[in-house]
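J.: Got a structure for you, run_21.cif, holding mmCIF, C-alpha atoms and all ligand atoms.
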data_coords
#
loop_
_atom_site.label_atom_id
_atom_site.label_comp_id
_atom_site.auth_asym_id
_atom_site.auth_seq_id
_atom_site.Cartn_x
_atom_site.Cartn_y
_atom_site.Cartn_z
CA MET A 1 -64.08 -166.82 -186.87
CA SER A 2 -63.63 -167.45 -183.23
CA ILE A 3 -61.52 -167.92 -180.13
CA ILE A 4 -61.11 -171.57 -179.16
CA LEU A 5 -59.97 -172.92 -175.80
CA GLY A 6 -58.36 -176.36 -176.25
CA ILE A 7 -58.05 -178.91 -173.44
CA GLU A 8 -55.96 -182.10 -173.55
CA THR A 9 -55.72 -184.77 -170.82
CA SER A 10 -55.61 -188.05 -172.73
CA CYS A 11 -52.47 -189.47 -171.09
CA ASP A 12 -49.77 -187.91 -168.92
CA GLU A 13 -49.87 -184.24 -169.94
CA THR A 14 -52.39 -181.73 -168.62
CA ALA A 15 -52.55 -179.11 -171.36
CA ALA A 16 -54.59 -176.08 -172.38
CA ALA A 17 -54.20 -173.61 -175.25
CA VAL A 18 -56.05 -170.71 -176.83
CA TYR A 19 -56.29 -170.30 -180.62
CA ASP A 20 -57.58 -167.25 -182.48
CA SER A 21 -58.95 -168.50 -185.80
CA GLU A 22 -59.51 -165.04 -187.27
CA ASN A 23 -55.84 -164.11 -187.00
CA LYS A 24 -54.68 -167.74 -187.41
CA ALA A 25 -52.58 -167.38 -184.29
CA LEU A 26 -52.00 -169.39 -181.20
CA LEU A 27 -52.39 -167.09 -178.20
CA SER A 28 -51.13 -169.51 -175.55
CA ASN A 29 -50.00 -173.09 -175.11
CA VAL A 30 -49.51 -174.45 -171.58
CA VAL A 31 -48.43 -178.00 -170.73
CA PHE A 32 -47.88 -179.68 -167.39
CA SER A 33 -45.96 -182.92 -167.90
CA GLN A 34 -46.47 -185.69 -165.33
CA ILE A 35 -43.23 -187.49 -166.29
CA LYS A 36 -41.69 -186.95 -162.83
CA LEU A 37 -44.70 -188.67 -161.21
CA HIS A 38 -44.49 -191.76 -163.41
CA GLU A 39 -40.78 -192.26 -164.03
CA ILE A 40 -40.13 -194.20 -160.81
CA TYR A 41 -42.69 -196.78 -162.00
CA GLY A 42 -41.07 -197.08 -165.45
CA GLY A 43 -44.26 -196.04 -167.29
CA VAL A 44 -47.57 -194.23 -166.95
CA VAL A 45 -49.74 -195.34 -164.00
CA PRO A 46 -53.36 -194.56 -165.03
CA GLU A 47 -54.68 -193.81 -161.53
CA ILE A 48 -51.82 -191.43 -160.77
CA ALA A 49 -52.38 -189.76 -164.16
CA SER A 50 -56.06 -189.03 -163.58
CA ARG A 51 -55.50 -187.78 -160.02
CA SER A 52 -52.79 -185.41 -161.23
CA HIS A 53 -55.03 -184.10 -164.05
CA LEU A 54 -57.69 -183.38 -161.44
CA GLU A 55 -55.22 -181.40 -159.33
CA LYS A 56 -53.85 -179.40 -162.24
CA ILE A 57 -56.65 -178.86 -164.76
CA ASP A 58 -58.04 -175.59 -163.38
CA ILE A 59 -54.57 -174.10 -162.86
CA ILE A 60 -53.48 -175.00 -166.41
CA VAL A 61 -56.67 -173.69 -168.06
CA ASP A 62 -56.47 -170.50 -166.01
CA SER A 63 -52.86 -170.05 -166.99
CA ALA A 64 -53.67 -170.58 -170.72
CA LEU A 65 -56.34 -167.84 -170.50
CA THR A 66 -54.03 -165.48 -168.62
CA GLN A 67 -51.16 -165.98 -171.07
CA ALA A 68 -53.57 -165.38 -173.96
CA ASN A 69 -54.69 -162.22 -172.17
CA ILE A 70 -58.37 -163.10 -172.47
CA THR A 71 -61.20 -163.96 -170.13
CA LEU A 72 -63.39 -167.03 -170.29
CA GLU A 73 -66.23 -164.79 -171.49
CA GLU A 74 -64.22 -163.98 -174.63
CA VAL A 75 -63.82 -167.68 -175.53
CA ASP A 76 -66.32 -168.76 -178.19
CA HIS A 77 -65.96 -172.55 -178.13
CA ILE A 78 -64.28 -175.24 -176.05
CA ALA A 79 -62.47 -178.10 -177.82
CA VAL A 80 -61.52 -181.12 -175.75
CA THR A 81 -59.88 -184.49 -176.42
CA ASN A 82 -62.47 -187.24 -175.84
CA LYS A 83 -60.61 -190.16 -177.53
CA PRO A 84 -58.44 -192.20 -177.57
CA GLY A 85 -56.55 -192.35 -174.29
CA LEU A 86 -56.74 -193.42 -170.66
CA VAL A 87 -60.41 -193.32 -169.71
CA GLY A 88 -59.89 -191.77 -166.26
CA SER A 89 -57.61 -189.09 -167.69
CA LEU A 90 -59.92 -188.29 -170.61
CA LEU A 91 -62.85 -187.98 -168.20
CA VAL A 92 -61.14 -185.24 -166.19
CA GLY A 93 -60.62 -183.04 -169.26
CA LEU A 94 -64.04 -183.79 -170.73
CA CYS A 95 -65.96 -183.15 -167.49
CA PHE A 96 -64.05 -179.91 -166.94
CA ALA A 97 -64.75 -178.76 -170.51
CA LYS A 98 -68.43 -179.71 -170.24
CA SER A 99 -68.79 -177.80 -166.97
CA LEU A 100 -67.26 -174.66 -168.48
CA ALA A 101 -69.39 -175.02 -171.62
CA PHE A 102 -72.58 -175.47 -169.56
CA ALA A 103 -71.86 -172.71 -167.03
CA LYS A 104 -70.69 -170.16 -169.59
CA ASN A 105 -72.98 -171.18 -172.45
CA LYS A 106 -70.21 -172.12 -174.88
CA LYS A 107 -70.33 -174.73 -177.62
CA LEU A 108 -68.37 -177.94 -177.06
CA ILE A 109 -66.20 -179.68 -179.68
CA GLY A 110 -65.01 -183.28 -179.22
CA ILE A 111 -61.54 -183.97 -180.60
CA ASP A 112 -59.87 -187.22 -181.64
CA HIS A 113 -56.32 -186.97 -180.29
CA LEU A 114 -54.84 -188.89 -183.24
CA GLN A 115 -56.59 -186.62 -185.74
CA ALA A 116 -55.20 -183.60 -183.87
CA HIS A 117 -51.65 -185.01 -184.19
CA ILE A 118 -52.12 -185.30 -187.99
CA PHE A 119 -52.92 -181.60 -188.31
CA SER A 120 -50.31 -180.43 -185.78
CA SER A 121 -48.13 -180.03 -188.91
CA PHE A 122 -50.04 -176.78 -189.58
CA LEU A 123 -48.59 -175.18 -186.42
CA LYS A 124 -45.43 -173.14 -186.86
CA SER A 125 -42.76 -172.46 -184.25
CA ASP A 126 -43.73 -168.76 -184.09
CA ASN A 127 -47.30 -169.78 -183.10
CA THR A 128 -48.77 -168.89 -186.50
CA VAL A 129 -50.31 -171.38 -188.92
CA GLN A 130 -49.03 -172.60 -192.29
CA ASP A 131 -50.90 -174.33 -195.09
CA VAL A 132 -49.79 -177.91 -195.63
CA PRO A 133 -50.69 -178.99 -199.18
CA PHE A 134 -53.26 -181.76 -199.74
CA PRO A 135 -53.01 -184.60 -200.43
CA HIS A 136 -50.07 -185.49 -198.24
CA ILE A 137 -48.60 -188.44 -196.38
CA CYS A 138 -48.48 -188.17 -192.58
CA LEU A 139 -46.25 -190.38 -190.44
CA SER A 140 -47.48 -190.12 -186.86
CA ALA A 141 -45.28 -191.82 -184.24
CA SER A 142 -45.71 -191.59 -180.50
CA GLY A 143 -45.61 -193.66 -177.35
CA GLY A 144 -49.05 -195.16 -177.97
CA SER A 145 -49.40 -195.34 -181.76
CA THR A 146 -47.48 -195.44 -185.02
CA VAL A 147 -49.57 -194.82 -188.13
CA ILE A 148 -49.11 -193.65 -191.72
CA TYR A 149 -52.02 -191.73 -193.24
CA TYR A 150 -52.90 -190.53 -196.71
CA VAL A 151 -54.49 -187.14 -195.99
CA LYS A 152 -56.80 -185.50 -198.56
CA SER A 153 -58.38 -182.84 -196.33
CA PHE A 154 -59.21 -182.09 -192.69
CA ASP A 155 -61.93 -184.71 -192.63
CA ASP A 156 -60.90 -187.02 -195.43
CA TYR A 157 -57.90 -189.16 -194.55
CA LYS A 158 -57.21 -192.87 -194.33
CA VAL A 159 -54.81 -195.17 -192.51
CA ILE A 160 -52.45 -196.75 -195.06
CA GLY A 161 -50.12 -198.44 -192.56
CA GLN A 162 -49.82 -198.95 -188.83
CA THR A 163 -48.00 -200.92 -186.19
CA ILE A 164 -49.19 -204.46 -185.64
CA ASP A 165 -47.67 -204.57 -182.15
CA ASP A 166 -45.62 -201.95 -180.27
CA ALA A 167 -45.54 -198.27 -181.20
CA ALA A 168 -42.15 -196.78 -182.15
CA GLY A 169 -42.04 -194.65 -178.98
CA GLU A 170 -42.86 -197.76 -176.97
CA ALA A 171 -39.89 -199.55 -178.59
CA PHE A 172 -37.60 -196.66 -177.62
CA ASP A 173 -39.00 -196.67 -174.08
CA LYS A 174 -38.79 -200.45 -173.55
CA ILE A 175 -35.24 -200.72 -174.88
CA ALA A 176 -34.18 -197.64 -172.91
CA LYS A 177 -35.40 -199.43 -169.78
CA ILE A 178 -33.42 -202.58 -170.68
CA ILE A 179 -30.18 -200.57 -170.89
CA GLY A 180 -30.89 -198.55 -167.77
CA PHE A 181 -32.01 -195.18 -169.14
CA GLY A 182 -35.36 -195.11 -167.37
CA TYR A 183 -38.68 -193.74 -168.66
CA PRO A 184 -39.30 -192.14 -171.11
CA GLY A 185 -36.35 -193.23 -173.24
CA GLY A 186 -36.60 -191.69 -176.72
CA ALA A 187 -34.74 -188.44 -176.06
CA LYS A 188 -32.07 -190.20 -173.94
CA ILE A 189 -31.50 -192.76 -176.73
CA GLU A 190 -31.01 -189.92 -179.22
CA ARG A 191 -28.53 -188.10 -176.98
CA ALA A 192 -26.51 -191.31 -176.41
CA ALA A 193 -26.54 -192.17 -180.15
CA LYS A 194 -25.17 -188.72 -181.01
CA LEU A 195 -22.11 -189.37 -178.82
CA VAL A 196 -21.10 -192.22 -181.16
CA ASP A 197 -22.06 -190.41 -184.39
CA PHE A 198 -25.20 -192.41 -185.15
CA GLN A 199 -23.26 -195.49 -186.27
CA ASP A 200 -24.94 -198.85 -186.81
CA PHE A 201 -22.76 -201.08 -184.58
CA TYR A 202 -24.99 -204.10 -184.06
CA LYS A 203 -27.16 -204.10 -187.20
CA TYR A 204 -30.34 -205.26 -185.46
CA THR A 205 -32.72 -207.20 -187.66
CA ARG A 206 -35.11 -205.19 -189.83
CA THR A 207 -38.01 -207.56 -190.36
CA LYS A 208 -38.17 -209.39 -193.68
CA ASN A 209 -40.18 -207.39 -196.21
CA PHE A 210 -39.91 -204.19 -194.19
CA THR A 211 -39.54 -202.32 -197.47
CA LYS A 212 -42.62 -204.01 -198.98
CA SER A 213 -45.41 -203.23 -196.53
CA LEU A 214 -46.58 -199.99 -194.93
CA ASP A 215 -47.27 -201.75 -191.62
CA PHE A 216 -44.76 -201.64 -188.78
CA THR A 217 -43.65 -204.18 -186.21
CA PHE A 218 -41.34 -203.26 -183.35
CA SER A 219 -41.74 -206.03 -180.76
CA GLY A 220 -39.20 -208.26 -182.58
CA LEU A 221 -36.68 -205.45 -182.44
CA LYS A 222 -36.99 -205.26 -178.67
CA THR A 223 -36.45 -209.03 -178.44
CA ALA A 224 -33.47 -208.85 -180.84
CA VAL A 225 -31.80 -206.18 -178.68
CA MET A 226 -32.48 -208.17 -175.53
CA TYR A 227 -31.00 -211.43 -176.91
CA ASP A 228 -27.99 -209.57 -178.29
CA LEU A 229 -27.39 -208.20 -174.79
CA VAL A 230 -27.72 -211.73 -173.37
CA LYS A 231 -25.03 -212.83 -175.85
CA LYS A 232 -22.83 -209.96 -174.72
CA GLY A 233 -23.29 -211.07 -171.08
CA ALA A 234 -25.07 -207.80 -170.21
CA TYR A 235 -28.62 -209.10 -169.69
CA ASN A 236 -30.20 -212.01 -167.85
CA LEU A 237 -33.65 -213.07 -169.07
CA GLN A 238 -34.79 -213.81 -165.50
CA THR A 239 -33.22 -210.97 -163.53
CA GLY A 240 -32.71 -208.22 -166.14
CA PRO A 241 -29.66 -206.02 -166.80
CA ILE A 242 -26.25 -207.10 -165.45
CA TRP A 243 -25.12 -203.66 -164.41
CA GLU A 244 -21.35 -204.37 -164.25
CA LYS A 245 -21.56 -205.05 -168.00
CA VAL A 246 -23.94 -202.24 -168.96
CA ASP A 247 -21.43 -199.42 -169.28
CA THR A 248 -21.75 -196.09 -171.05
CA GLU A 249 -20.05 -197.39 -174.17
CA LEU A 250 -22.54 -200.25 -174.49
CA GLN A 251 -25.48 -197.92 -173.79
CA ASN A 252 -24.32 -195.54 -176.52
CA LYS A 253 -23.72 -198.29 -179.06
CA VAL A 254 -27.11 -199.96 -178.43
CA SER A 255 -28.83 -196.55 -178.60
CA SER A 256 -27.13 -195.66 -181.85
CA SER A 257 -27.81 -199.02 -183.53
CA LEU A 258 -31.45 -198.88 -182.42
CA LEU A 259 -31.95 -195.35 -183.68
CA VAL A 260 -30.41 -196.12 -187.08
CA CYS A 261 -32.59 -199.24 -187.33
CA ILE A 262 -35.81 -197.33 -186.59
CA ALA A 263 -34.79 -194.51 -188.94
CA ASP A 264 -34.14 -197.07 -191.71
CA ILE A 265 -37.61 -198.54 -191.14
CA PHE A 266 -39.27 -195.09 -191.20
CA GLN A 267 -37.35 -194.15 -194.33
CA ALA A 268 -38.40 -197.35 -196.13
CA LYS A 269 -42.08 -196.77 -195.21
CA VAL A 270 -42.05 -193.17 -196.38
CA GLU A 271 -40.36 -194.15 -199.66
CA LEU A 272 -42.95 -196.87 -200.22
CA ALA A 273 -45.84 -194.54 -199.33
CA LEU A 274 -44.59 -191.98 -201.85
CA LYS A 275 -44.35 -194.71 -204.48
CA LEU A 276 -47.92 -195.92 -203.77
CA TYR A 277 -49.37 -192.41 -203.48
CA PRO A 278 -47.44 -190.42 -206.12
CA ASP A 279 -49.90 -187.50 -206.01
CA ALA A 280 -48.88 -186.69 -202.40
CA LYS A 281 -47.43 -183.18 -202.37
CA ALA A 282 -45.77 -183.40 -198.97
CA VAL A 283 -44.79 -185.68 -196.13
CA THR A 284 -45.40 -184.67 -192.53
CA PHE A 285 -43.80 -186.24 -189.46
CA VAL A 286 -45.67 -185.76 -186.16
CA GLY A 287 -46.06 -187.24 -182.65
CA GLY A 288 -43.54 -187.43 -179.78
CA VAL A 289 -41.01 -189.50 -181.79
CA ALA A 290 -40.89 -186.67 -184.35
CA CYS A 291 -38.93 -184.70 -181.71
CA ASN A 292 -36.03 -186.88 -182.90
CA ASN A 293 -33.76 -184.68 -185.03
CA TYR A 294 -31.78 -187.59 -186.49
CA ILE A 295 -34.90 -189.30 -187.89
CA SER A 296 -36.37 -185.98 -189.00
CA GLU A 297 -33.24 -185.03 -190.92
CA ARG A 298 -33.10 -188.43 -192.62
CA LEU A 299 -36.74 -188.17 -193.71
CA ASN A 300 -36.27 -184.54 -194.74
CA SER A 301 -33.43 -185.46 -197.06
CA ILE A 302 -35.24 -188.31 -198.85
CA VAL A 303 -38.49 -186.37 -199.21
CA THR A 304 -36.93 -183.15 -200.48
CA ASN A 305 -34.89 -185.24 -202.97
CA THR A 306 -38.19 -186.16 -204.59
CA SER A 307 -39.05 -182.42 -204.80
CA LYS A 308 -41.88 -182.78 -202.26
CA LYS A 309 -42.23 -180.76 -199.09
CA PHE A 310 -41.20 -182.21 -195.73
CA ILE A 311 -42.88 -180.70 -192.68
CA SER A 312 -42.38 -181.63 -189.05
CA PRO A 313 -43.60 -179.31 -186.30
CA VAL A 314 -41.29 -178.11 -183.54
CA CYS A 315 -41.11 -180.49 -180.57
CA LYS A 316 -43.67 -178.58 -178.43
CA PHE A 317 -46.31 -179.35 -181.10
CA CYS A 318 -45.09 -182.94 -181.82
CA ALA A 319 -45.39 -184.10 -178.22
CA ASP A 320 -48.84 -184.10 -176.59
CA ASN A 321 -50.21 -180.55 -176.39
CA ALA A 322 -53.47 -178.63 -176.48
CA ALA A 323 -52.47 -176.26 -179.30
CA MET A 324 -53.27 -178.98 -181.83
CA ILE A 325 -56.60 -179.60 -180.04
CA ALA A 326 -57.57 -175.90 -180.21
CA PHE A 327 -56.44 -175.65 -183.85
CA LEU A 328 -58.46 -178.69 -184.98
CA GLY A 329 -61.34 -177.39 -182.84
CA ALA A 330 -61.32 -174.20 -184.91
CA CYS A 331 -61.52 -176.23 -188.15
CA LYS A 332 -64.47 -178.18 -186.77
CA ALA A 333 -66.20 -175.01 -185.58
CA GLU A 334 -65.97 -173.59 -189.11
CA GLN A 335 -67.75 -176.72 -190.33
CA ASN A 336 -70.35 -176.42 -187.56
CA LYS A 337 -69.28 -179.76 -186.07
CA PHE A 338 -70.24 -179.21 -182.43
CA ALA A 339 -70.90 -181.85 -179.77
CA GLU A 340 -73.75 -182.13 -177.29
CA LEU A 341 -73.21 -182.16 -173.53
CA ASP A 342 -73.68 -185.94 -173.47
CA LEU A 343 -70.37 -186.39 -175.33
CA ASP A 344 -68.56 -189.47 -173.94
CA VAL A 345 -64.94 -190.66 -173.75
CA PHE A 346 -63.56 -193.62 -175.70
CA GLU A 347 -60.42 -195.62 -174.91
O1 LIG A 401 -46.77 -188.03 -178.52
P1 LIG A 401 -46.17 -188.25 -177.17
O2 LIG A 401 -45.70 -187.02 -176.46
O3 LIG A 401 -47.18 -188.94 -176.20
C1 LIG A 401 -47.54 -190.23 -175.99
O4 LIG A 401 -47.69 -191.04 -176.93
O5 LIG A 401 -47.72 -190.48 -174.78
O6 LIG A 401 -44.96 -189.27 -177.37
C2 LIG A 401 -44.14 -189.71 -176.33
C3 LIG A 401 -43.14 -190.68 -176.94
C4 LIG A 401 -42.34 -191.45 -175.89
O7 LIG A 401 -42.37 -192.82 -176.22
C5 LIG A 401 -40.94 -190.88 -176.03
O8 LIG A 401 -39.91 -191.80 -175.72
C6 LIG A 401 -40.91 -190.48 -177.50
O9 LIG A 401 -42.19 -189.97 -177.75
N1 LIG A 401 -39.88 -189.46 -177.76
C7 LIG A 401 -38.84 -189.67 -178.57
C8 LIG A 401 -38.05 -188.49 -178.51
N2 LIG A 401 -38.66 -187.61 -177.68
C9 LIG A 401 -39.79 -188.22 -177.23
N3 LIG A 401 -38.52 -190.72 -179.32
C10 LIG A 401 -37.38 -190.64 -180.04
N4 LIG A 401 -36.56 -189.56 -180.02
C11 LIG A 401 -36.86 -188.46 -179.28
N5 LIG A 401 -36.03 -187.40 -179.29
#
Starting from the file, give its structure as structure tokens.
T.:
Amino acid sequence: MSIILGIETSCDETAAAVYDSENKALLSNVVFSQIKLHEIYGGVVPEIASRSHLEKIDIIVDSALTQANITLEEVDHIAVTNKPGLVGSLLVGLCFAKSLAFAKNKKLIGIDHLQAHIFSSFLKSDNTVQDVPFPHICLSASGGSTVIYYVKSFDDYKVIGQTIDDAAGEAFDKIAKIIGFGYPGGAKIERAAKLVDFQDFYKYTRTKNFTKSLDFTFSGLKTAVMYDLVKKGAYNLQTGPIWEKVDTELQNKVSSSLLVCIADIFQAKVELALKLYPDAKAVTFVGGVACNNYISERLNSIVTNTSKKFISPVCKFCADNAAMIAFLGACKAEQNKFAELDLDVFE
């Protein structure tokens, strides 16, 4: 039983958290989001991301320790994301964690960011931990990946479906850009869709067989939205949006139709996964896209109708954070899975 400091810098959040495995409680969870630095470029700029991590990492780690009311000496192990992500960003977190581990004689734990997302479902809004029954299905959807897993235990899980092109969050972000919402787009799309009651105005194409395979494809959806806007006279393939035509009503209707389309796709995949893996006791929904209440409620209703549990963490644990890194770090520490100081980063 130990105190774990978690560090996360895989993309555009500098995050640190402290987890107490004896009391199964999160003692702190601090995140600095770089969104403001990247939004003018319409997406994450890797060089800006790593420079910002470098500026913030010591402040964020210090703040996580202060909020947890502990000193570095009281930390037993240091868990850090070392894959996958932007190499420059990962390096900042890993080098910082290694330096602390070396200087203070702590053990280091390397964490796979995607694995941490899977088990973020164990984190409860009150910063305690719940047991999620095994086996379960996990739908993990973020800006960089969209994967369905069949999860038997903390270290026994397999990919049963994944995107063959864009991630779901990427689809939200790209289409948001096309209709002038800027980056990142998911939350703005949801807010706009709510204003028109989540109606499916334009019935964008769901790919053929979308109910028959567990894999996802979202790049066609982006193209379908774009060509529909061309037809409506609101988009030019060479020059982009025609702003006189992109009014609030159109933005809301596109947002709503897109959200319903993606929710339909997610629902079909979860239904199929439950059919193919009938022993699954629960379905979890994690990653930044799981901040979406509309999709979450739709999945909740179909899963609970089958008498299985539906679990989706609160948004602070869905989006990138270090709480999930510290929590998974604690699981690995219990299994004695420590890393050496030559631990490397992987894209
Ligand atoms: O997991 P995450 O924080 O990190 C990365 O993958 O970088 O996910 C970010 C993604 C973005 O694409 C964002 O647009 C999406 O999650 N997102 C949402 C919502 N909030 C964030 N997508 C749909 N609805 C939301 N409410």
J.: Compute the set of protein, DNA and RNA residues whose minimum atom distance to ligand LIG 401 (chain A) is at most 7 Å, using only C-alpha atoms and all ligand atoms, and state it as JSON, numbers by chain.
T.: {"A": [11, 12, 142, 143, 144, 145, 169, 170, 172, 173, 184, 185, 186, 187, 189, 190, 287, 288, 289, 290, 291, 292, 293, 318, 319, 320]}
J.: A:Asn209, A:Ser28, A:Thr306, A:Gln199: which is nearest Asn252 of chain A, counting only C-alpha atoms?
T.: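 Looking at the shortest contact to Asn252 of chain A, the residue is A:Gln199.
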J.: What does the structure give for the distance between atom CA of Ile265 of chain A and atom CA of Val225 of chain A, in Å to one decimal?
T.: 15.7 Å
J.: Using all atoms listed in the file, can you tell me which of A:Val87, A:Phe218, A:Ile7, A:Ile178 comes closest to Thr239 of chain A?
T.: A:Ile178
J.: Interatomic distance between atom CA of His77 of chain A and atom CA of Lys158 of chain A?
T.: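 Between atom CA of His77 of chain A and atom CA of Lys158 of chain A the gap works out to 27.4 Å.
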J.: Contacts of Met1 of chain A at 12 Å or less, counting only C-alpha atoms, minus same-chain residues fewer than 3 places along, as JSON, numbers by chain?
T.: {"A": [4, 19, 20, 21, 22, 23, 24, 25, 75, 76, 77, 329, 330, 331, 332, 333, 334, 335, 336]}
J.: Which of these residues is nearest to Ala323 of chain A, using all atoms listed in the file: A:Glu73, A:Ile35, A:Asn127, A:Ser10?
T.: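 Checking each candidate against Ala323 of chain A, we get A:Asn127 as the closest.
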J.: Please, what distance in Å, to one decimal, runs between atom CA of Ile57 of chain A and atom CA of Gly93 of chain A?
T.: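 Atom CA of Ile57 of chain A sits 7.3 Å away from atom CA of Gly93 of chain A.
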